[in-house]
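*Asks:* Contents of upload18.cif (mmCIF, C-alpha atoms and all ligand atoms) are given next:
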data_coords
loop_
_atom_site.group_PDB
_atom_site.id
_atom_site.type_symbol
_atom_site.label_atom_id
_atom_site.label_comp_id
_atom_site.auth_asym_id
_atom_site.auth_seq_id
_atom_site.Cartn_x
_atom_site.Cartn_y
_atom_site.Cartn_z
ATOM 1 C CA MET A 1 -2.628 10.904 -80.058
ATOM 2 C CA SER A 2 -0.095 8.272 -78.892
ATOM 3 C CA GLY A 3 -0.865 5.657 -76.304
ATOM 4 C CA ARG A 4 0.214 8.044 -73.544
ATOM 5 C CA VAL A 5 -2.932 9.306 -71.899
ATOM 6 C CA TRP A 6 -4.033 10.089 -68.358
ATOM 7 C CA ARG A 7 -7.540 8.835 -67.719
ATOM 8 C CA CYS A 8 -9.489 11.289 -65.570
ATOM 9 C CA GLY A 9 -13.125 10.182 -65.450
ATOM 10 C CA SER A 10 -14.552 10.432 -68.962
ATOM 11 C CA ARG A 11 -11.580 12.529 -70.097
ATOM 12 C CA HIS A 12 -8.401 11.176 -71.630
ATOM 13 C CA LEU A 13 -5.698 13.808 -71.249
ATOM 14 C CA CYS A 14 -3.083 13.542 -73.955
ATOM 15 C CA LEU A 15 0.484 13.397 -72.625
ATOM 16 C CA ASP A 16 2.243 13.735 -75.981
ATOM 17 C CA ARG A 17 3.084 17.280 -74.926
ATOM 18 C CA PRO A 18 3.704 18.502 -71.375
ATOM 19 C CA LEU A 19 0.597 19.625 -69.550
ATOM 20 C CA ILE A 20 0.477 22.687 -67.355
ATOM 21 C CA MET A 21 -1.520 22.538 -64.139
ATOM 22 C CA GLY A 22 -2.415 26.067 -62.997
ATOM 23 C CA ILE A 23 -2.643 26.600 -59.235
ATOM 24 C CA VAL A 24 -5.644 28.255 -57.586
ATOM 25 C CA ASN A 25 -5.207 28.548 -53.835
ATOM 26 C CA VAL A 26 -8.557 29.507 -52.297
ATOM 27 C CA THR A 27 -6.800 30.210 -49.010
ATOM 28 C CA PRO A 28 -5.885 33.167 -46.837
ATOM 29 C CA ASP A 29 -2.388 31.840 -46.082
ATOM 30 C CA SER A 30 -0.718 30.012 -49.005
ATOM 31 C CA PHE A 31 3.000 30.711 -49.120
ATOM 32 C CA SER A 32 3.082 32.672 -52.361
ATOM 33 C CA ASP A 33 -0.413 33.890 -53.136
ATOM 34 C CA GLY A 34 -2.291 33.589 -49.820
ATOM 35 C CA GLY A 35 -5.360 35.812 -49.777
ATOM 36 C CA ALA A 36 -5.232 36.808 -53.447
ATOM 37 C CA TYR A 37 -7.905 34.299 -54.507
ATOM 38 C CA ALA A 38 -9.632 33.561 -51.211
ATOM 39 C CA ASP A 39 -12.928 34.754 -52.643
ATOM 40 C CA ALA A 40 -14.688 32.382 -55.102
ATOM 41 C CA ALA A 41 -15.214 34.999 -57.820
ATOM 42 C CA ALA A 42 -11.536 36.014 -57.743
ATOM 43 C CA ALA A 43 -10.476 32.352 -57.791
ATOM 44 C CA VAL A 44 -12.684 31.564 -60.813
ATOM 45 C CA ALA A 45 -11.465 34.652 -62.687
ATOM 46 C CA HIS A 46 -7.851 33.672 -61.970
ATOM 47 C CA ALA A 47 -8.509 30.110 -63.213
ATOM 48 C CA GLU A 48 -10.113 31.443 -66.385
ATOM 49 C CA SER A 49 -7.147 33.655 -67.135
ATOM 50 C CA MET A 50 -4.736 30.730 -66.584
ATOM 51 C CA LEU A 51 -6.820 28.607 -68.983
ATOM 52 C CA ALA A 52 -6.643 31.379 -71.575
ATOM 53 C CA GLU A 53 -2.848 31.422 -71.114
ATOM 54 C CA GLY A 54 -2.591 27.697 -71.824
ATOM 55 C CA ALA A 55 -3.163 25.757 -68.604
ATOM 56 C CA GLY A 56 -4.558 22.304 -69.332
ATOM 57 C CA ILE A 57 -5.694 21.583 -65.771
ATOM 58 C CA ILE A 58 -6.751 23.804 -62.874
ATOM 59 C CA ASP A 59 -5.741 22.619 -59.385
ATOM 60 C CA VAL A 60 -7.996 24.029 -56.669
ATOM 61 C CA GLY A 61 -6.825 23.924 -53.052
ATOM 62 C CA GLY A 62 -8.417 25.161 -49.833
ATOM 63 C CA GLU A 63 -5.728 24.343 -47.279
ATOM 64 C CA SER A 64 -2.208 25.701 -47.208
ATOM 65 C CA THR A 65 0.307 22.965 -46.448
ATOM 66 C CA ARG A 66 3.328 25.218 -46.076
ATOM 67 C CA PRO A 67 5.264 24.396 -42.897
ATOM 68 C CA GLY A 68 3.552 26.145 -40.003
ATOM 69 C CA ALA A 69 0.228 26.810 -41.773
ATOM 70 C CA ALA A 70 -2.856 26.461 -39.576
ATOM 71 C CA ALA A 71 -4.822 23.232 -40.132
ATOM 72 C CA VAL A 72 -8.357 23.797 -41.405
ATOM 73 C CA SER A 73 -11.496 21.726 -40.768
ATOM 74 C CA GLU A 74 -13.035 19.815 -43.667
ATOM 75 C CA VAL A 75 -16.084 22.076 -43.433
ATOM 76 C CA THR A 76 -13.953 25.201 -43.828
ATOM 77 C CA GLU A 77 -11.933 23.639 -46.649
ATOM 78 C CA LEU A 78 -15.070 22.536 -48.496
ATOM 79 C CA GLY A 79 -16.663 25.935 -48.032
ATOM 80 C CA ARG A 80 -13.657 27.462 -49.795
ATOM 81 C CA VAL A 81 -13.201 25.036 -52.690
ATOM 82 C CA LEU A 82 -16.677 23.740 -53.546
ATOM 83 C CA PRO A 83 -18.105 26.953 -55.081
ATOM 84 C CA VAL A 84 -14.960 27.269 -57.205
ATOM 85 C CA VAL A 85 -14.987 23.626 -58.347
ATOM 86 C CA GLU A 86 -18.699 23.832 -59.174
ATOM 87 C CA ARG A 87 -18.313 26.950 -61.246
ATOM 88 C CA LEU A 88 -15.214 25.762 -63.117
ATOM 89 C CA ALA A 89 -16.612 22.290 -63.797
ATOM 90 C CA ALA A 90 -19.846 23.786 -65.149
ATOM 91 C CA GLY A 91 -18.077 26.067 -67.651
ATOM 92 C CA VAL A 92 -18.720 25.352 -71.308
ATOM 93 C CA GLY A 93 -15.858 23.206 -72.664
ATOM 94 C CA ALA A 94 -14.429 23.311 -69.169
ATOM 95 C CA ALA A 95 -10.846 22.182 -68.590
ATOM 96 C CA PRO A 96 -10.300 19.403 -66.089
ATOM 97 C CA VAL A 97 -10.465 20.521 -62.479
ATOM 98 C CA SER A 98 -8.229 18.906 -59.887
ATOM 99 C CA ILE A 99 -9.011 19.043 -56.185
ATOM 100 C CA ASP A 100 -5.885 19.429 -54.040
ATOM 101 C CA THR A 101 -6.862 17.832 -50.750
ATOM 102 C CA ARG A 102 -5.793 15.206 -48.234
ATOM 103 C CA HIS A 103 -9.316 14.914 -46.822
ATOM 104 C CA PRO A 104 -11.633 12.139 -48.080
ATOM 105 C CA THR A 105 -14.907 14.052 -47.672
ATOM 106 C CA VAL A 106 -13.566 17.057 -49.542
ATOM 107 C CA ALA A 107 -12.309 14.784 -52.344
ATOM 108 C CA ARG A 108 -15.602 12.872 -52.619
ATOM 109 C CA VAL A 109 -17.849 15.948 -52.623
ATOM 110 C CA CYS A 110 -15.677 17.762 -55.168
ATOM 111 C CA VAL A 111 -15.587 14.765 -57.526
ATOM 112 C CA ASP A 112 -19.387 14.577 -57.262
ATOM 113 C CA ALA A 113 -19.444 18.301 -58.113
ATOM 114 C CA GLY A 114 -17.425 17.731 -61.298
ATOM 115 C CA ALA A 115 -13.724 17.598 -60.358
ATOM 116 C CA SER A 116 -11.895 15.107 -62.627
ATOM 117 C CA ILE A 117 -8.703 14.677 -60.579
ATOM 118 C CA ILE A 118 -7.862 14.110 -56.893
ATOM 119 C CA ASN A 119 -4.432 15.496 -55.963
ATOM 120 C CA ASP A 120 -3.470 14.069 -52.548
ATOM 121 C CA ILE A 121 -0.216 15.386 -51.073
ATOM 122 C CA THR A 122 -0.196 12.472 -48.614
ATOM 123 C CA GLY A 123 -0.139 9.890 -51.409
ATOM 124 C CA PHE A 124 -3.449 8.171 -50.577
ATOM 125 C CA ARG A 125 -2.149 6.876 -47.256
ATOM 126 C CA ASP A 126 -5.498 7.366 -45.515
ATOM 127 C CA PRO A 127 -7.609 4.182 -46.019
ATOM 128 C CA GLU A 128 -10.678 6.399 -46.520
ATOM 129 C CA MET A 129 -8.880 8.217 -49.333
ATOM 130 C CA ILE A 130 -8.234 4.831 -50.959
ATOM 131 C CA GLU A 131 -11.966 4.089 -50.672
ATOM 132 C CA VAL A 132 -12.818 7.395 -52.341
ATOM 133 C CA ALA A 133 -10.338 6.646 -55.138
ATOM 134 C CA ALA A 134 -11.752 3.150 -55.630
ATOM 135 C CA GLY A 135 -15.322 4.453 -55.607
ATOM 136 C CA CYS A 136 -14.864 6.994 -58.403
ATOM 137 C CA ASP A 137 -13.201 7.265 -61.773
ATOM 138 C CA ALA A 138 -11.143 10.439 -61.252
ATOM 139 C CA GLY A 139 -7.485 10.823 -62.169
ATOM 140 C CA LEU A 140 -5.203 10.535 -59.115
ATOM 141 C CA VAL A 141 -2.014 12.426 -58.262
ATOM 142 C CA VAL A 142 -0.005 10.343 -55.783
ATOM 143 C CA MET A 143 2.542 12.614 -54.085
ATOM 144 C CA HIS A 144 5.395 11.902 -51.681
ATOM 145 C CA MET A 145 5.500 13.793 -48.414
ATOM 146 C CA LEU A 146 7.880 12.886 -45.568
ATOM 147 C CA GLY A 147 5.733 11.805 -42.595
ATOM 148 C CA ASP A 148 2.098 12.794 -42.461
ATOM 149 C CA ASP A 149 2.220 16.221 -40.840
ATOM 150 C CA PRO A 150 3.010 19.251 -43.016
ATOM 151 C CA ALA A 151 3.728 21.266 -39.851
ATOM 152 C CA ALA A 152 6.620 18.944 -38.945
ATOM 153 C CA MET A 153 7.861 17.763 -42.348
ATOM 154 C CA GLN A 154 10.721 20.273 -42.589
ATOM 155 C CA ASP A 155 12.129 19.387 -39.134
ATOM 156 C CA ASP A 156 15.504 17.908 -40.136
ATOM 157 C CA PRO A 157 14.408 15.604 -42.994
ATOM 158 C CA HIS A 158 16.510 12.456 -43.577
ATOM 159 C CA TYR A 159 16.644 9.775 -46.263
ATOM 160 C CA ASP A 160 18.983 6.869 -47.016
ATOM 161 C CA ASP A 161 18.846 7.883 -50.670
ATOM 162 C CA VAL A 162 16.184 10.443 -51.422
ATOM 163 C CA VAL A 163 15.434 9.380 -55.000
ATOM 164 C CA SER A 164 15.179 5.673 -54.278
ATOM 165 C CA ASP A 165 13.286 6.232 -50.993
ATOM 166 C CA VAL A 166 10.734 8.482 -52.736
ATOM 167 C CA ALA A 167 10.412 6.088 -55.679
ATOM 168 C CA ALA A 168 9.883 3.167 -53.284
ATOM 169 C CA PHE A 169 7.172 5.089 -51.416
ATOM 170 C CA LEU A 170 5.393 6.002 -54.651
ATOM 171 C CA GLY A 171 5.625 2.410 -55.897
ATOM 172 C CA GLU A 172 4.078 1.164 -52.667
ATOM 173 C CA ARG A 173 1.200 3.698 -52.726
ATOM 174 C CA VAL A 174 0.430 2.943 -56.371
ATOM 175 C CA ALA A 175 0.352 -0.780 -55.546
ATOM 176 C CA ALA A 176 -2.132 -0.088 -52.730
ATOM 177 C CA LEU A 177 -4.415 1.744 -55.171
ATOM 178 C CA GLU A 178 -4.163 -0.930 -57.826
ATOM 179 C CA ALA A 179 -4.873 -3.603 -55.192
ATOM 180 C CA VAL A 180 -8.368 -2.138 -54.754
ATOM 181 C CA GLY A 181 -8.987 -2.119 -58.497
ATOM 182 C CA VAL A 182 -7.848 1.366 -59.530
ATOM 183 C CA ASP A 183 -6.934 1.460 -63.242
ATOM 184 C CA PRO A 184 -3.189 2.283 -63.540
ATOM 185 C CA LYS A 185 -4.074 4.667 -66.378
ATOM 186 C CA ARG A 186 -5.695 6.949 -63.773
ATOM 187 C CA ILE A 187 -2.453 7.359 -61.798
ATOM 188 C CA VAL A 188 0.234 10.072 -61.918
ATOM 189 C CA VAL A 189 3.163 10.187 -59.455
ATOM 190 C CA ASP A 190 4.837 13.246 -57.934
ATOM 191 C CA PRO A 191 8.100 13.374 -55.900
ATOM 192 C CA GLY A 192 6.680 16.179 -53.730
ATOM 193 C CA ILE A 193 9.254 18.946 -54.101
ATOM 194 C CA GLY A 194 9.525 20.816 -50.791
ATOM 195 C CA PHE A 195 7.509 18.323 -48.747
ATOM 196 C CA GLY A 196 10.040 17.220 -46.130
ATOM 197 C CA LYS A 197 13.134 17.940 -48.202
ATOM 198 C CA THR A 198 16.301 19.989 -47.861
ATOM 199 C CA LEU A 199 17.615 22.074 -50.739
ATOM 200 C CA GLU A 200 19.903 19.206 -51.759
ATOM 201 C CA HIS A 201 17.035 16.665 -51.557
ATOM 202 C CA ASN A 202 14.954 18.843 -53.895
ATOM 203 C CA LEU A 203 17.826 19.153 -56.356
ATOM 204 C CA GLU A 204 18.475 15.408 -56.261
ATOM 205 C CA LEU A 205 14.791 14.723 -56.895
ATOM 206 C CA LEU A 206 14.761 17.051 -59.896
ATOM 207 C CA ARG A 207 17.841 15.285 -61.246
ATOM 208 C CA GLY A 208 16.067 12.028 -60.388
ATOM 209 C CA VAL A 209 12.929 12.640 -62.468
ATOM 210 C CA PRO A 210 13.997 9.885 -64.915
ATOM 211 C CA ALA A 211 14.181 7.404 -62.020
ATOM 212 C CA ILE A 212 10.688 8.431 -60.850
ATOM 213 C CA ALA A 213 9.414 8.096 -64.438
ATOM 214 C CA ALA A 214 10.916 4.596 -64.556
ATOM 215 C CA LEU A 215 8.087 3.522 -62.215
ATOM 216 C CA GLY A 216 6.000 3.525 -65.391
ATOM 217 C CA TYR A 217 3.517 6.307 -64.549
ATOM 218 C CA PRO A 218 3.340 9.868 -65.812
ATOM 219 C CA VAL A 219 5.245 12.263 -63.540
ATOM 220 C CA LEU A 220 4.030 15.592 -62.149
ATOM 221 C CA VAL A 221 6.505 18.104 -60.695
ATOM 222 C CA GLY A 222 5.514 21.072 -58.535
ATOM 223 C CA ALA A 223 8.499 23.357 -57.975
ATOM 224 C CA SER A 224 6.774 26.680 -58.584
ATOM 225 C CA ARG A 225 7.978 29.584 -56.413
ATOM 226 C CA LYS A 226 9.081 27.135 -53.703
ATOM 227 C CA ARG A 227 11.553 27.905 -50.976
ATOM 228 C CA PHE A 228 14.445 25.933 -52.517
ATOM 229 C CA ILE A 229 14.345 28.382 -55.433
ATOM 230 C CA GLY A 230 14.511 31.223 -52.923
ATOM 231 C CA HIS A 231 17.514 29.532 -51.275
ATOM 232 C CA ILE A 232 19.368 29.216 -54.573
ATOM 233 C CA LEU A 233 18.618 32.811 -55.561
ATOM 234 C CA GLY A 234 18.675 34.492 -52.150
ATOM 235 C CA GLU A 235 15.148 35.701 -52.895
ATOM 236 C CA GLU A 236 12.758 35.909 -49.940
ATOM 237 C CA ASP A 237 9.678 37.014 -51.874
ATOM 238 C CA PRO A 238 7.990 34.019 -53.604
ATOM 239 C CA LYS A 239 6.453 36.336 -56.217
ATOM 240 C CA ARG A 240 9.963 37.277 -57.353
ATOM 241 C CA ARG A 241 10.927 33.638 -58.020
ATOM 242 C CA VAL A 242 9.099 33.391 -61.369
ATOM 243 C CA ALA A 243 12.099 33.035 -63.689
ATOM 244 C CA GLY A 244 13.711 30.539 -61.309
ATOM 245 C CA SER A 245 10.451 28.564 -61.271
ATOM 246 C CA VAL A 246 10.273 28.533 -65.047
ATOM 247 C CA GLY A 247 13.858 27.223 -65.072
ATOM 248 C CA ALA A 248 12.914 24.390 -62.721
ATOM 249 C CA ALA A 249 9.792 23.505 -64.765
ATOM 250 C CA ALA A 250 11.822 23.503 -67.990
ATOM 251 C CA TYR A 251 14.471 21.262 -66.437
ATOM 252 C CA ALA A 252 11.783 18.861 -65.161
ATOM 253 C CA VAL A 253 10.078 18.624 -68.562
ATOM 254 C CA MET A 254 13.377 18.116 -70.369
ATOM 255 C CA HIS A 255 14.117 15.203 -68.028
ATOM 256 C CA GLY A 256 10.793 13.443 -68.390
ATOM 257 C CA ALA A 257 8.094 15.259 -66.381
ATOM 258 C CA ASP A 258 4.698 15.117 -68.117
ATOM 259 C CA ILE A 259 2.884 17.700 -66.008
ATOM 260 C CA VAL A 260 4.162 20.787 -64.201
ATOM 261 C CA ARG A 261 2.132 22.462 -61.448
ATOM 262 C CA VAL A 262 2.732 26.213 -61.648
ATOM 263 C CA HIS A 263 1.567 29.640 -60.484
ATOM 264 C CA ASP A 264 2.874 31.471 -63.582
ATOM 265 C CA VAL A 265 1.213 29.850 -66.568
ATOM 266 C CA ALA A 266 2.015 32.319 -69.366
ATOM 267 C CA GLU A 267 5.742 32.356 -68.571
ATOM 268 C CA THR A 268 5.893 28.548 -68.330
ATOM 269 C CA VAL A 269 3.999 28.135 -71.621
ATOM 270 C CA GLN A 270 6.564 30.355 -73.345
ATOM 271 C CA ALA A 271 9.488 28.316 -72.059
ATOM 272 C CA LEU A 272 7.916 24.973 -72.939
ATOM 273 C CA ARG A 273 6.982 26.134 -76.439
ATOM 274 C CA VAL A 274 10.564 27.175 -77.123
ATOM 275 C CA ILE A 275 11.883 23.876 -75.773
ATOM 276 C CA ALA A 276 9.400 21.969 -77.953
ATOM 277 C CA ALA A 277 10.381 23.970 -81.044
ATOM 278 C CA ILE A 278 14.075 23.279 -80.474
ATOM 279 C CA GLY A 279 13.412 19.622 -79.702
ATOM 280 C CA ARG A 280 11.539 19.149 -82.945
HETATM 281 N N1 LIG B 1 2.720 21.652 -53.787
HETATM 282 C C1 LIG B 1 1.864 22.374 -53.037
HETATM 283 C C2 LIG B 1 0.523 21.992 -52.928
HETATM 284 N N2 LIG B 1 0.042 20.921 -53.591
HETATM 285 N N3 LIG B 1 0.403 19.118 -55.074
HETATM 286 C C3 LIG B 1 1.224 18.385 -55.835
HETATM 287 N N4 LIG B 1 0.764 17.320 -56.492
HETATM 288 N N5 LIG B 1 2.560 18.706 -55.950
HETATM 289 C C4 LIG B 1 3.108 19.760 -55.310
HETATM 290 O O1 LIG B 1 4.342 19.981 -55.443
HETATM 291 C C5 LIG B 1 2.247 20.550 -54.476
HETATM 292 C C6 LIG B 1 0.879 20.191 -54.382
HETATM 293 C C7 LIG B 1 2.363 23.577 -52.298
HETATM 294 O O2 LIG B 1 2.283 24.725 -53.092
HETATM 295 P P1 LIG B 1 1.117 25.817 -53.004
HETATM 296 O O3 LIG B 1 -0.220 25.199 -53.289
HETATM 297 O O4 LIG B 1 1.456 26.937 -53.911
HETATM 298 O O5 LIG B 1 1.193 26.366 -51.533
HETATM 299 P P2 LIG B 1 0.340 26.163 -50.216
HETATM 300 O O6 LIG B 1 0.469 24.737 -49.773
HETATM 301 O O7 LIG B 1 0.942 27.143 -49.220
HETATM 302 O O8 LIG B 1 -1.099 26.491 -50.534
#
Would you write the structure of this file as structure tokens?
*Replies:*
Amino acid sequence: MSGRVWRCGSRHLCLDRPLIMGIVNVTPDSFSDGGAYADAAAAVAHAESMLAEGAGIIDVGGESTRPGAAAVSEVTELGRVLPVVERLAAGVGAAPVSIDTRHPTVARVCVDAGASIINDITGFRDPEMIEVAAGCDAGLVVMHMLGDDPAAMQDDPHYDDVVSDVAAFLGERVAALEAVGVDPKRIVVDPGIGFGKTLEHNLELLRGVPAIAALGYPVLVGASRKRFIGHILGEEDPKRRVAGSVGAAAYAVMHGADIVRVHDVAETVQALRVIAAIGR
């Protein structure tokens, strides 16, 4: 193992090879798989099959953040994700579980229940989220979202220069975490594909992965099945954007992403294995 590791509680995830984060949306309304895994047993079974296919992390979310999705209370969100986190974290030789939430109580309870990573789409802007991060040892995904309201983020997004604006935001959020004593080795940054971005912003951010990586933290990219892929392909149905998503993940990895967050694990594993074989 090289020196490149992501510290997530007692785990040290090796970043010598790209890691795949498999998505489990325990929601009725996620943009591409809403309702499919809303029940805990279905969500756990889906996670187990993604692990068997080669996912190194399972990301569990209980709130859809697609533009226009209904906000959910913390109680509802916790009721969705906690049984899934508990069951996955208790599995023998369990893979790391990430909790995808912007709500401090949900993050804290799930870490206590065994989640090793907090994935906050608002980049730990909430002071209570910073407290939760400082009070635990979990890995942290610090993501960029334009503004703080997913319902409004796609209303005419503007940047001076999207790559440098996003990098500056991520640098500032990481500094806020380190200022309260968070170990930099716990931190991963994410440009937040689709979170307050036009098609061209998303493409610039993918091209800009090396500039995001220059911040000095591992980079996570989540492009899977997103609308920009639909725009490029003229494909309305997110489930029919798999090959396009694999293309985006492959591009991201070839330009320095360490972790890709995906719905389609088996297909992404295939692509990354071929890229690794050629690269060697
Ligand atoms: N994208 C989504 C949710 N969480 N977390 C990170 N770190 N990066 C991302 O790009 C990201 C994320 C949105 O995708 P999905 O979970 O599939 O949809 P929904 O928000 O509708 O549940």
*Asks:* Select the residues contacting ligand LIG 1 (chain B) at a distance of at most 8 Å, based on all atoms listed in the file, then format the selection as a VMD selection string.
*Replies:* chain A and resid 23 to 25 27 29 to 34 61 to 66 69 100 119 to 121 141 to 143 190 to 195 220 to 226 261 to 263
*Asks:* Quick one: write out the picked residues with C-alpha atoms as a short mmCIF file (atom, residue, chain, number, x, y, z; two decimals), in the frame of the given file?
*Replies:*
data_model
loop_
_atom_site.label_atom_id
_atom_site.label_comp_id
_atom_site.auth_asym_id
_atom_site.auth_seq_id
_atom_site.Cartn_x
_atom_site.Cartn_y
_atom_site.Cartn_z
CA ILE A 23 -2.64 26.60 -59.24
CA VAL A 24 -5.64 28.26 -57.59
CA ASN A 25 -5.21 28.55 -53.84
CA THR A 27 -6.80 30.21 -49.01
CA ASP A 29 -2.39 31.84 -46.08
CA SER A 30 -0.72 30.01 -49.00
CA PHE A 31 3.00 30.71 -49.12
CA SER A 32 3.08 32.67 -52.36
CA ASP A 33 -0.41 33.89 -53.14
CA GLY A 34 -2.29 33.59 -49.82
CA GLY A 61 -6.82 23.92 -53.05
CA GLY A 62 -8.42 25.16 -49.83
CA GLU A 63 -5.73 24.34 -47.28
CA SER A 64 -2.21 25.70 -47.21
CA THR A 65 0.31 22.96 -46.45
CA ARG A 66 3.33 25.22 -46.08
CA ALA A 69 0.23 26.81 -41.77
CA ASP A 100 -5.88 19.43 -54.04
CA ASN A 119 -4.43 15.50 -55.96
CA ASP A 120 -3.47 14.07 -52.55
CA ILE A 121 -0.22 15.39 -51.07
CA VAL A 141 -2.01 12.43 -58.26
CA VAL A 142 0.00 10.34 -55.78
CA MET A 143 2.54 12.61 -54.08
CA ASP A 190 4.84 13.25 -57.93
CA PRO A 191 8.10 13.37 -55.90
CA GLY A 192 6.68 16.18 -53.73
CA ILE A 193 9.25 18.95 -54.10
CA GLY A 194 9.52 20.82 -50.79
CA PHE A 195 7.51 18.32 -48.75
CA LEU A 220 4.03 15.59 -62.15
CA VAL A 221 6.50 18.10 -60.70
CA GLY A 222 5.51 21.07 -58.54
CA ALA A 223 8.50 23.36 -57.98
CA SER A 224 6.77 26.68 -58.58
CA ARG A 225 7.98 29.58 -56.41
CA LYS A 226 9.08 27.14 -53.70
CA ARG A 261 2.13 22.46 -61.45
CA VAL A 262 2.73 26.21 -61.65
CA HIS A 263 1.57 29.64 -60.48
#
*Asks:* For the provided coordinates, the residues matched by the PyMOL selection byres (((chain A and resi 109) around 12) and not hetatm) should be stated as a list in words.
*Replies:*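 The output of the PyMOL selection byres (((chain A and resi 109) around 12) and not hetatm) on this file is Glu74, Val75, Glu77, Leu78, Gly79, Val81, Leu82, Pro83, Val85, Glu86, Ile99, Thr101, His103, Pro104, Thr105, Val106, Ala107, Arg108, Cys110, Val111, Asp112, Ala113, Gly114, Ala115, Ser116, Ile118, Val132 and Cys136 of chain A.
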*Asks:* Give me, please, the distance in Å between atom CA of A:Gly147 and atom CA of A:Ile57, quoted to one decimal.
*Replies:*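 Between these atoms lies a distance of 27.6 Å.
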*Asks:* To one decimal place, how far is atom CA of A:Gly216 from atom CA of A:Ala257 in Å?
*Replies:*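 Taking atom CA of A:Gly216 as the start and atom CA of A:Ala257 as the end point, the length is 12.0 Å.
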*Asks:* If we count only C-alpha atoms, what is near A:Thr198 at a cut-off of 10 Å, once residues fewer than 2 positions away on the same chain are taken out, given as a short mmCIF file (atom, residue, chain, number, x, y, z; two decimals) with C-alpha atoms, in the coordinates of the input?
*Replies:*
data_model
loop_
_atom_site.label_atom_id
_atom_site.label_comp_id
_atom_site.auth_asym_id
_atom_site.auth_seq_id
_atom_site.Cartn_x
_atom_site.Cartn_y
_atom_site.Cartn_z
CA GLN A 154 10.72 20.27 -42.59
CA ASP A 155 12.13 19.39 -39.13
CA ASP A 156 15.50 17.91 -40.14
CA PRO A 157 14.41 15.60 -42.99
CA HIS A 158 16.51 12.46 -43.58
CA ILE A 193 9.25 18.95 -54.10
CA GLY A 194 9.52 20.82 -50.79
CA PHE A 195 7.51 18.32 -48.75
CA GLY A 196 10.04 17.22 -46.13
CA GLU A 200 19.90 19.21 -51.76
CA HIS A 201 17.04 16.66 -51.56
CA ASN A 202 14.95 18.84 -53.90
CA LEU A 203 17.83 19.15 -56.36
CA GLU A 204 18.48 15.41 -56.26
CA ARG A 227 11.55 27.90 -50.98
CA PHE A 228 14.44 25.93 -52.52
#
*Asks:* Neighbours of A:Ser10 within 10 Å (all atoms listed in the file; same-chain residues fewer than 2 positions away dropped), as number ranges by chain?
*Replies:* A: 7-8, 12-13, 116, 137-139
*Asks:* Which residue, A:Ala214, A:Leu233, A:Ala277, A:Ala55, has the smallest gap to A:Ile259 when you use all atoms listed in the file?
*Replies:*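 Of A:Ala214, A:Leu233, A:Ala277, A:Ala55, the one nearest A:Ile259, counting all atoms listed in the file, is A:Ala55.
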*Asks:* Residues at most 8 Å from A:Pro218, counting all atoms listed in the file, excluding those fewer than 4 positions away in the same chain, as a ChimeraX atom specification?
*Replies:* /A:6,187-189,213,257-259
*Asks:* Which residue out of A:Gln270, A:Gly56, A:Pro127, A:Ala38 has the minimum interatomic distance to A:Ser98 when all atoms listed in the file are used?
*Replies:*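 Among A:Gln270, A:Gly56, A:Pro127, A:Ala38, it is A:Gly56 that comes nearest to A:Ser98.
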*Asks:* Interatomic distance between atom CA of A:Ala175 and atom CA of A:Ile130?
*Replies:*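 These atoms are spaced 11.2 Å apart.
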*Asks:* Rank nothing, just name the residue among A:Leu88, A:Leu206, A:Arg17, A:Gly234 nearest to A:Ser49, using only C-alpha atoms.
*Replies:*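 That would be A:Leu88, the residue with the smallest distance to A:Ser49.
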*Asks:* Of the candidates A:Arg241, A:His255, A:Arg273, A:Arg4, which one gets nearest to A:Gly208 if we count all atoms listed in the file?
*Replies:*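 That would be A:His255, the residue with the smallest distance to A:Gly208.
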*Asks:* So which residues are close to (-5.3, 32.2, -70.4), meaning at most 12 Å away in the file's coordinates with all atoms listed in the file counted, and can you show them as a PyMOL selection string?
*Replies:* chain A and resi 20+22+45-58+95+264-269
*Asks:* So that I can check the surroundings of A:Val182, please list as a JSON list (two decimals) with C-alpha atoms, in the frame of the given file every protein, DNA and RNA residue that reaches within 6 Å of it, counting only C-alpha atoms and ignoring chain neighbours fewer than 3 positions away.
*Replies:*
[["chain", "number", "residue", "atom", "x", "y", "z"],
["A", 134, "ALA", "CA", -11.75, 3.15, -55.63],
["A", 177, "LEU", "CA", -4.42, 1.74, -55.17],
["A", 178, "GLU", "CA", -4.16, -0.93, -57.83]]
*Asks:* Compare A:Met129, A:Ile278, A:Val72, A:Ala250 by their minimum atom-to-atom distance to A:Leu19, counting only C-alpha atoms, and give me the closest one.
*Replies:*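 Result for the nearest residue to A:Leu19: A:Ala250.
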*Asks:* With all atoms listed in the file as the basis for distance, which of A:Ala71, A:Arg80, A:Gly181, A:Cys14 is at the shortest distance from A:Ala43?
*Replies:*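 Checking each candidate against A:Ala43, we get A:Arg80 as the closest.
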